[in-house]
$ cat model08.pdb   # PDB, C-alpha atoms, pLDDT in the B column
MODEL        1
ATOM      1  CA  MET A   1     100.071  89.938  84.243  1.00 87.00           C
ATOM      2  CA  SER A   2      98.483  92.030  86.971  1.00 95.00           C
ATOM      3  CA  TYR A   3     100.313  92.792  90.177  1.00 98.00           C
ATOM      4  CA  LEU A   4      98.920  92.946  93.711  1.00 98.00           C
ATOM      5  CA  LEU A   5     100.855  95.251  96.052  1.00 98.00           C
ATOM      6  CA  ASP A   6     101.570  94.565  99.723  1.00 98.00           C
ATOM      7  CA  SER A   7     101.240  97.296 102.355  1.00 96.00           C
ATOM      8  CA  ASN A   8     105.006  97.439 102.764  1.00 96.00           C
ATOM      9  CA  ILE A   9     105.423  98.669  99.185  1.00 97.00           C
ATOM     10  CA  PHE A  10     103.398 101.784  99.926  1.00 97.00           C
ATOM     11  CA  ILE A  11     104.774 102.373 103.414  1.00 95.00           C
ATOM     12  CA  ARG A  12     108.434 101.823 102.594  1.00 95.00           C
ATOM     13  CA  TYR A  13     108.326 104.003  99.498  1.00 95.00           C
ATOM     14  CA  LYS A  14     106.439 106.711 101.410  1.00 95.00           C
ATOM     15  CA  ASN A  15     109.261 106.742 103.947  1.00 95.00           C
ATOM     16  CA  GLU A  16     112.167 106.412 101.504  1.00 95.00           C
ATOM     17  CA  MET A  17     110.758 108.398  98.577  1.00 95.00           C
ATOM     18  CA  PRO A  18     108.684 111.216 100.093  1.00 95.00           C
ATOM     19  CA  MET A  19     105.867 112.399  97.884  1.00 95.00           C
ATOM     20  CA  ASP A  20     106.963 116.027  97.935  1.00 94.00           C
ATOM     21  CA  ILE A  21     110.426 115.124  96.611  1.00 96.00           C
ATOM     22  CA  PHE A  22     109.772 112.103  94.361  1.00 96.00           C
ATOM     23  CA  HIS A  23     106.615 113.375  92.693  1.00 95.00           C
ATOM     24  CA  GLY A  24     107.454 111.582  89.412  1.00 95.00           C
ATOM     25  CA  PHE A  25     107.581 108.183  91.087  1.00 96.00           C
ATOM     26  CA  TRP A  26     104.205 108.644  92.753  1.00 97.00           C
ATOM     27  CA  GLN A  27     102.704 109.976  89.542  1.00 97.00           C
ATOM     28  CA  ARG A  28     103.885 106.872  87.649  1.00 97.00           C
ATOM     29  CA  MET A  29     102.444 104.614  90.349  1.00 97.00           C
ATOM     30  CA  ALA A  30      99.074 106.347  89.948  1.00 98.00           C
ATOM     31  CA  GLU A  31      99.307 105.897  86.162  1.00 97.00           C
ATOM     32  CA  LEU A  32     100.036 102.172  86.535  1.00 97.00           C
ATOM     33  CA  ALA A  33      96.987 101.904  88.784  1.00 98.00           C
ATOM     34  CA  GLN A  34      94.802 103.849  86.364  1.00 98.00           C
ATOM     35  CA  ASN A  35      95.968 101.590  83.517  1.00 97.00           C
ATOM     36  CA  GLY A  36      94.943  98.492  85.495  1.00 97.00           C
ATOM     37  CA  GLN A  37      98.475  97.138  85.776  1.00 97.00           C
ATOM     38  CA  ILE A  38      98.762  97.279  89.564  1.00 98.00           C
ATOM     39  CA  PHE A  39      96.196  96.712  92.285  1.00 98.00           C
ATOM     40  CA  SER A  40      96.031  96.059  95.981  1.00 98.00           C
ATOM     41  CA  SER A  41      93.647  94.550  98.501  1.00 97.00           C
ATOM     42  CA  ILE A  42      90.980  96.305 100.526  1.00 97.00           C
ATOM     43  CA  LYS A  43      92.791  94.835 103.550  1.00 96.00           C
ATOM     44  CA  VAL A  44      95.923  96.776 102.546  1.00 97.00           C
ATOM     45  CA  LYS A  45      93.806  99.933 102.322  1.00 97.00           C
ATOM     46  CA  GLU A  46      92.605  99.294 105.868  1.00 96.00           C
ATOM     47  CA  GLU A  47      96.250  99.166 107.036  1.00 95.00           C
ATOM     48  CA  ILE A  48      97.150 102.331 105.097  1.00 96.00           C
ATOM     49  CA  ASP A  49      94.124 104.178 106.474  1.00 96.00           C
ATOM     50  CA  LYS A  50      95.326 103.547 110.030  1.00 95.00           C
ATOM     51  CA  GLY A  51      98.284 105.828 109.269  1.00 92.00           C
ATOM     52  CA  ASN A  52      95.988 108.802 108.656  1.00 88.00           C
ATOM     53  CA  ASP A  53      98.794 110.595 106.791  1.00 95.00           C
ATOM     54  CA  GLU A  54      99.798 111.765 103.303  1.00 96.00           C
ATOM     55  CA  LEU A  55      99.782 108.168 102.045  1.00 97.00           C
ATOM     56  CA  LYS A  56      96.130 107.760 103.002  1.00 97.00           C
ATOM     57  CA  GLU A  57      95.367 111.070 101.280  1.00 97.00           C
ATOM     58  CA  TRP A  58      97.350 110.110  98.150  1.00 98.00           C
ATOM     59  CA  CYS A  59      95.473 106.809  97.879  1.00 97.00           C
ATOM     60  CA  ALA A  60      92.130 108.577  98.208  1.00 97.00           C
ATOM     61  CA  ASN A  61      92.985 111.250  95.625  1.00 97.00           C
ATOM     62  CA  GLN A  62      95.222 109.470  93.108  1.00 97.00           C
ATOM     63  CA  LEU A  63      94.115 105.859  92.879  1.00 98.00           C
ATOM     64  CA  PRO A  64      91.124 104.848  90.783  1.00 98.00           C
ATOM     65  CA  LYS A  65      88.003 103.327  92.211  1.00 95.00           C
ATOM     66  CA  GLY A  66      88.506  99.580  92.079  1.00 96.00           C
ATOM     67  CA  PHE A  67      92.245  99.733  92.788  1.00 98.00           C
ATOM     68  CA  PHE A  68      91.704  98.146  96.199  1.00 98.00           C
ATOM     69  CA  LEU A  69      90.084  94.820  95.361  1.00 98.00           C
ATOM     70  CA  PRO A  70      87.334  93.527  97.632  1.00 96.00           C
ATOM     71  CA  PHE A  71      87.999  90.271  99.401  1.00 96.00           C
ATOM     72  CA  ASP A  72      86.139  87.407  97.767  1.00 95.00           C
ATOM     73  CA  ALA A  73      88.724  84.620  97.836  1.00 96.00           C
ATOM     74  CA  HIS A  74      87.255  82.615 100.709  1.00 97.00           C
ATOM     75  CA  GLU A  75      88.227  79.188  99.361  1.00 97.00           C
ATOM     76  CA  GLU A  76      91.850  80.246  98.788  1.00 97.00           C
ATOM     77  CA  TYR A  77      91.962  81.922 102.204  1.00 98.00           C
ATOM     78  CA  ALA A  78      90.737  78.689 103.832  1.00 97.00           C
ATOM     79  CA  ARG A  79      93.378  76.683 101.963  1.00 97.00           C
ATOM     80  CA  LEU A  80      96.065  79.153 103.050  1.00 97.00           C
ATOM     81  CA  MET A  81      94.972  79.059 106.679  1.00 97.00           C
ATOM     82  CA  THR A  82      94.949  75.255 106.636  1.00 98.00           C
ATOM     83  CA  TRP A  83      98.546  75.344 105.415  1.00 98.00           C
ATOM     84  CA  ALA A  84      99.638  77.899 108.049  1.00 97.00           C
ATOM     85  CA  ASN A  85      97.801  76.255 110.936  1.00 97.00           C
ATOM     86  CA  SER A  86      99.157  72.798 110.104  1.00 97.00           C
ATOM     87  CA  SER A  87     102.734  74.066 110.140  1.00 96.00           C
ATOM     88  CA  GLN A  88     104.896  72.973 113.038  1.00 96.00           C
ATOM     89  CA  VAL A  89     107.272  75.889 112.380  1.00 97.00           C
ATOM     90  CA  PHE A  90     105.076  78.915 113.069  1.00 97.00           C
ATOM     91  CA  SER A  91     104.235  79.900 116.618  1.00 97.00           C
ATOM     92  CA  VAL A  92     100.597  80.187 117.661  1.00 97.00           C
ATOM     93  CA  PRO A  93     100.836  84.014 117.802  1.00 97.00           C
ATOM     94  CA  ALA A  94     102.359  84.021 114.285  1.00 98.00           C
ATOM     95  CA  LYS A  95      99.454  81.955 112.990  1.00 97.00           C
ATOM     96  CA  GLN A  96      96.916  84.202 114.731  1.00 97.00           C
ATOM     97  CA  GLU A  97      98.523  87.345 113.338  1.00 97.00           C
ATOM     98  CA  PHE A  98      98.659  85.899 109.818  1.00 97.00           C
ATOM     99  CA  ALA A  99      94.926  85.168 109.996  1.00 95.00           C
ATOM    100  CA  THR A 100      94.068  88.798 110.745  1.00 93.00           C
ATOM    101  CA  VAL A 101      96.544  91.080 108.952  1.00 94.00           C
ATOM    102  CA  ALA A 102      96.393  91.875 105.231  1.00 96.00           C
ATOM    103  CA  ASP A 103      99.025  89.277 104.262  1.00 97.00           C
ATOM    104  CA  ALA A 104      96.795  86.179 104.119  1.00 97.00           C
ATOM    105  CA  TYR A 105      94.043  88.095 102.325  1.00 97.00           C
ATOM    106  CA  LEU A 106      96.547  89.453  99.817  1.00 97.00           C
ATOM    107  CA  VAL A 107      97.948  86.011  98.976  1.00 98.00           C
ATOM    108  CA  ALA A 108      94.459  84.469  98.797  1.00 98.00           C
ATOM    109  CA  THR A 109      93.289  87.216  96.434  1.00 98.00           C
ATOM    110  CA  ALA A 110      96.347  86.723  94.225  1.00 98.00           C
ATOM    111  CA  ALA A 111      95.693  82.975  94.139  1.00 98.00           C
ATOM    112  CA  ALA A 112      92.037  83.478  93.187  1.00 97.00           C
ATOM    113  CA  LYS A 113      92.731  86.058  90.485  1.00 97.00           C
ATOM    114  CA  GLY A 114      95.994  84.705  89.032  1.00 97.00           C
ATOM    115  CA  MET A 115      97.976  87.768  90.086  1.00 98.00           C
ATOM    116  CA  LYS A 116     101.572  88.197  91.217  1.00 98.00           C
ATOM    117  CA  VAL A 117     102.186  89.526  94.753  1.00 98.00           C
ATOM    118  CA  VAL A 118     104.569  92.456  95.082  1.00 98.00           C
ATOM    119  CA  THR A 119     106.341  92.693  98.440  1.00 98.00           C
ATOM    120  CA  PHE A 120     109.627  93.611 100.049  1.00 96.00           C
ATOM    121  CA  GLU A 121     109.478  90.510 102.235  1.00 97.00           C
ATOM    122  CA  THR A 122     111.847  87.648 101.584  1.00 97.00           C
ATOM    123  CA  SER A 123     111.281  83.960 102.143  1.00 97.00           C
ATOM    124  CA  ASP A 124     112.203  82.546 105.538  1.00 97.00           C
ATOM    125  CA  PRO A 125     110.438  79.184 105.877  1.00 95.00           C
ATOM    126  CA  LEU A 126     112.021  78.556 109.286  1.00 95.00           C
ATOM    127  CA  CYS A 127     110.793  81.817 110.804  1.00 96.00           C
ATOM    128  CA  LYS A 128     108.767  80.955 113.883  1.00 97.00           C
ATOM    129  CA  LYS A 129     107.527  84.387 114.884  1.00 97.00           C
ATOM    130  CA  ARG A 130     105.937  85.392 111.568  1.00 97.00           C
ATOM    131  CA  VAL A 131     104.402  83.835 108.483  1.00 98.00           C
ATOM    132  CA  LYS A 132     106.182  85.525 105.590  1.00 98.00           C
ATOM    133  CA  ILE A 133     104.288  86.422 102.428  1.00 98.00           C
ATOM    134  CA  PRO A 134     106.756  84.691 100.054  1.00 98.00           C
ATOM    135  CA  ASP A 135     106.431  81.429 101.987  1.00 98.00           C
ATOM    136  CA  ALA A 136     102.634  81.667 101.903  1.00 98.00           C
ATOM    137  CA  CYS A 137     102.846  82.351  98.160  1.00 98.00           C
ATOM    138  CA  ILE A 138     105.032  79.301  97.616  1.00 98.00           C
ATOM    139  CA  ALA A 139     102.625  77.161  99.642  1.00 97.00           C
ATOM    140  CA  VAL A 140      99.681  77.961  97.368  1.00 97.00           C
ATOM    141  CA  GLY A 141     101.515  78.413  94.059  1.00 97.00           C
ATOM    142  CA  VAL A 142     101.390  82.203  93.781  1.00 98.00           C
ATOM    143  CA  GLU A 143     104.240  84.097  92.159  1.00 98.00           C
ATOM    144  CA  PHE A 144     105.829  87.010  94.024  1.00 98.00           C
ATOM    145  CA  CYS A 145     108.406  89.694  93.252  1.00 98.00           C
ATOM    146  CA  SER A 146     109.737  93.112  94.261  1.00 97.00           C
ATOM    147  CA  LEU A 147     108.460  96.450  93.000  1.00 96.00           C
ATOM    148  CA  ASN A 148     111.672  96.924  91.029  1.00 95.00           C
ATOM    149  CA  ASP A 149     110.909  93.657  89.226  1.00 97.00           C
ATOM    150  CA  VAL A 150     107.469  95.022  88.329  1.00 97.00           C
ATOM    151  CA  LEU A 151     108.856  98.332  87.100  1.00 96.00           C
ATOM    152  CA  HIS A 152     111.391  96.513  84.938  1.00 96.00           C
ATOM    153  CA  ALA A 153     108.773  94.133  83.544  1.00 96.00           C
ATOM    154  CA  LEU A 154     106.462  97.025  82.657  1.00 95.00           C
ATOM    155  CA  GLY A 155     109.284  99.088  81.173  1.00 94.00           C
ATOM    156  CA  VAL A 156     108.746 101.923  83.615  1.00 93.00           C
ATOM    157  CA  VAL A 157     111.394 104.638  83.606  1.00 88.00           C
ATOM    158  CA  ILE A 158     111.116 107.428  86.134  1.00 83.00           C
TER
ENDMDL
END
$ encode --input "model08.pdb" --output "structure tokens"
Amino acid sequence: MSYLLDSNIFIRYKNEMPMDIFHGFWQRMAELAQNGQIFSSIKVKEEIDKGNDELKEWCANQLPKGFFLPFDAHEEYARLMTWANSSQVFSVPAKQEFATVADAYLVATAAAKGMKVVTFETSDPLCKKRVKIPDACIAVGVEFCSLNDVLHALGVVI
């Protein structure tokens, strides 16, 4: 099983496990990427690059070419947007945001490639102001989990 990481995995761990203190964690993440066990989306890279910080630099220097998968899941993206736009729960701004941020692209890519999405988000199908990744995953039959679940499944000890 390959795992596709959400932006919030990188950003939250950058904030809670600074690279200069938790070097071992970041080294193991780079190893998992180099071994082809974890990936992310080019749309996530675009979000990370906006930060213009040590996370952007780490990604550029530590992650292998091909870690950030190009977007080529147009059919799955269309199916996902049909689901979101037909929902009576989500507000119009929530639907518009979902169409443009990395989340929809991430879920569509996972659906196309048979990958599991890794996110800190939790399901909230009644949330009006935001389309949550787990709910989008459920809608199109994509599995999702936390990073700790991934580390356990891969037998990673840091």
$ resolve_selection --input "model08.pdb" --expression "the PyMOL selection byres ((chain A and resi 21-34) around 7)" --output "number ranges by chain"
A: 17-20, 35-39, 62-64, 67, 158
$ resolve_selection --input "model08.pdb" --expression "the PyMOL selection byres ((chain A and resi 88) around 12)" --output "number ranges by chain"
A: 83-87, 89-92, 94-95, 125-129, 131
$ resolve_selection --input "model08.pdb" --expression "the PyMOL selection byres ((chain A and resi 45-51) around 9)" --output "list in words"
Ser7, Phe10, Ile11, Ser40, Ser41, Ile42, Lys43, Val44, Asn52, Asp53, Glu54, Leu55, Lys56, Glu57, Cys59, Phe68, Val101 and Ala102 of chain A
$ write_last_selection --input "model08.pdb" --atoms "C-alpha atoms" --output "compact mmCIF listing (two decimals), in the frame of the given file"
# COMPACT_ATOMS: atom_id res chain seq x y z
CA SER A 7 101.24 97.30 102.36
CA PHE A 10 103.40 101.78 99.93
CA ILE A 11 104.77 102.37 103.41
CA SER A 40 96.03 96.06 95.98
CA SER A 41 93.65 94.55 98.50
CA ILE A 42 90.98 96.30 100.53
CA LYS A 43 92.79 94.84 103.55
CA VAL A 44 95.92 96.78 102.55
CA ASN A 52 95.99 108.80 108.66
CA ASP A 53 98.79 110.60 106.79
CA GLU A 54 99.80 111.76 103.30
CA LEU A 55 99.78 108.17 102.04
CA LYS A 56 96.13 107.76 103.00
CA GLU A 57 95.37 111.07 101.28
CA CYS A 59 95.47 106.81 97.88
CA PHE A 68 91.70 98.15 96.20
CA VAL A 101 96.54 91.08 108.95
CA ALA A 102 96.39 91.88 105.23
$ atom_distance --input "model08.pdb" --atom1 "atom CA of Glu143 of chain A" --atom2 "atom CA of Val157 of chain A"
23.4 Å
$ atom_distance --input "model08.pdb" --atom1 "atom CA of Arg12 of chain A" --atom2 "atom CA of Leu151 of chain A"
15.9 Å
